[in-house]
Amino acid sequence: MFEREAEWVPRTKLGKLVKGGEISSIDQIFDMGQQIFEAEIVDTLVPDLKAEVVKIASTQRMTDCGRKSKSKAIVVVGSPRGYIGVGMGKGIETSNAIDLATKEAKKKIVKVKLGCSSWECGCGTAHTISGRTSGKSGTTQIELRPAPRGVGIVANDLVKKILSLSGIKDVWTKASGHTSNVENMVKAIYSAINNMNKQKNAS
């Protein structure tokens with residue numbers, strides 16, 4: 001027999017408002033400037049969210065009992081309606097690391113500013129980002145620029161995988177620095193998207 005999934009019992013005021021139906025959109029939370037501390041809030045408000053494990057690594061440390069190993073996971077969650085989150089997690093078991101990383105990614109979800117802002121396009125649909133943006137993590141940097149409809153995501157496989165989760169269909173990208181570092185690249189992309197939310201002229 002399958003175990004029944006435990007019913008979510010909110011631990012925060014924000015969670016109680018979502019569970020009670022007083023908040024019905026995650027955009028309301030963003031407008032309020034509230035921080036999300038419960039992954040279940042995102043599960044409730046963004047049901048079409050998909051998760052992608054982008055890296056699994058093994059870490060080791062010496063203890064009095066010998067060498068102990070842990071798994072580290074990097075997970076990206078996204079919705080085609082324009083949302084993305086990034087999380088890291090560690091656990092003795094790989095499944096635990098993935099679960100922790102997924103929950104962390106949900107709690108760090110941000111809005112993706114979508115639109116039709118390429119000067120070469122005028123289709124009026126939300127297929128690309130609303131303006132040029134850039135992000136950095138460590139020595140890794142990435143720049144995202146609006147692209148006309150039909151161009152696709154011009155990037156390597158990792159960047160393409162992450163951006164496609166967020167609802168972006170067309171975008172020019174330019175990466176520099178230590179681009180082979182998966183963790184820094186993921187963080188740089190997340191930073192670039194989140195930086196659009198900080199731009200006063202972003203729409």
# chains A, B, ... in the order shown; residues from 1 in each chain; ligands from 1
>>> residues_around(residues="Ile29 of chain A", least_positions_apart="3", cutoff="12 Å", atoms="only C-alpha atoms", output="list in words")
Leu14, Gly15, Leu17, Val18, Glu22, Ile23, Ser24, Ser25, Ile26, Met32, Gly33, Gln34, Gln35, Ile36, Phe37, Ile41, Val42, Leu45, Lys107, Ile109, Val110 and Lys111 of chain A
>>> write_last_selection(atoms="C-alpha atoms", output="PDB file, in the first residue's frame")
ATOM      1  CA  LEU A  14       2.062  33.766   4.734  1.00  0.00           C
ATOM      2  CA  GLY A  15       1.498  30.026   4.478  1.00  0.00           C
ATOM      3  CA  LEU A  17      -2.990  33.052   4.046  1.00  0.00           C
ATOM      4  CA  VAL A  18      -2.208  30.855   1.035  1.00  0.00           C
ATOM      5  CA  GLU A  22      -6.645  34.759   0.914  1.00  0.00           C
ATOM      6  CA  ILE A  23      -3.619  34.792  -1.403  1.00  0.00           C
ATOM      7  CA  SER A  24      -4.308  33.107  -4.735  1.00  0.00           C
ATOM      8  CA  SER A  25      -1.339  34.264  -6.846  1.00  0.00           C
ATOM      9  CA  ILE A  26       2.388  34.155  -6.245  1.00  0.00           C
ATOM     10  CA  MET A  32       4.054  42.409  -0.961  1.00  0.00           C
ATOM     11  CA  GLY A  33       7.815  41.917  -0.849  1.00  0.00           C
ATOM     12  CA  GLN A  34       7.394  38.853   1.363  1.00  0.00           C
ATOM     13  CA  GLN A  35       9.994  36.112   1.660  1.00  0.00           C
ATOM     14  CA  ILE A  36       8.818  32.532   1.127  1.00  0.00           C
ATOM     15  CA  PHE A  37       9.842  30.108   3.879  1.00  0.00           C
ATOM     16  CA  ILE A  41       3.354  27.819  -0.831  1.00  0.00           C
ATOM     17  CA  VAL A  42       4.898  27.532  -4.283  1.00  0.00           C
ATOM     18  CA  LEU A  45       0.328  28.737  -6.271  1.00  0.00           C
ATOM     19  CA  LYS A 107      11.595  29.050  -1.638  1.00  0.00           C
ATOM     20  CA  ILE A 109      11.554  31.411  -6.780  1.00  0.00           C
ATOM     21  CA  VAL A 110      11.516  34.750  -8.622  1.00  0.00           C
ATOM     22  CA  LYS A 111       9.529  36.329 -11.431  1.00  0.00           C
TER      23      LYS A 111
END
>>> residues_around(residues="Glu120 of chain A", least_positions_apart="6", cutoff="10 Å", atoms="only C-alpha atoms", output="ChimeraX atom specification")
/A:146-149
>>> select_by_dssp(residues="segment 86-162 of chain A", states="strand (DSSP E)", output="MDAnalysis selection string")
chainID A and resid 86:91 110:111 114:115 128:129 133:137 140:146 153:154
>>> closest_residue(among="A:Ile162, A:Val182, A:Val171, A:Val54", to="Arg132 of chain A", atoms="only C-alpha atoms")
A:Val171
>>> residues_around(residues="segment 66-76 of chain A", least_positions_apart="6", cutoff="10 Å", atoms="only C-alpha atoms", output="ChimeraX atom specification")
/A:50-60,84-106,109,161-163,165-166,182-183,186,190
>>> atom_distance(atom1="atom CA of Ala192 of chain A", atom2="atom CA of Ile142 of chain A")
7.3 Å
>>> closest_residue(among="A:Ser164, A:Glu143, A:Ser180, A:Asn197", to="Val77 of chain A", atoms="only C-alpha atoms")
A:Ser164
>>> select_by_dssp(residues="chain A", states="helix (DSSP H, G or I)", output="PyMOL selection string")
chain A and resi 13-19+26-32+39-45+94-107+157-165+182-198
>>> closest_residue(among="A:Lys108, A:Gly78, A:Lys16, A:Ser130", to="Phe30 of chain A", atoms="only C-alpha atoms")
A:Lys108
>>> atom_distance(atom1="atom CA of Ala188 of chain A", atom2="atom CA of Gly138 of chain A")
8.5 Å
>>> atom_distance(atom1="atom CA of Thr179 of chain A", atom2="atom CA of Gln141 of chain A")
7.8 Å
>>> residues_around(residues="Gly150 of chain A", least_positions_apart="2", cutoff="12 Å", atoms="only C-alpha atoms", output="list in words")
Cys116, Ser118, Glu120, Cys121, Cys123, Thr125, His127, Thr128, Pro146, Ala147, Pro148, Gly152, Ile153, Val154, Ile168, Lys169, Asp170, Val171 and Trp172 of chain A
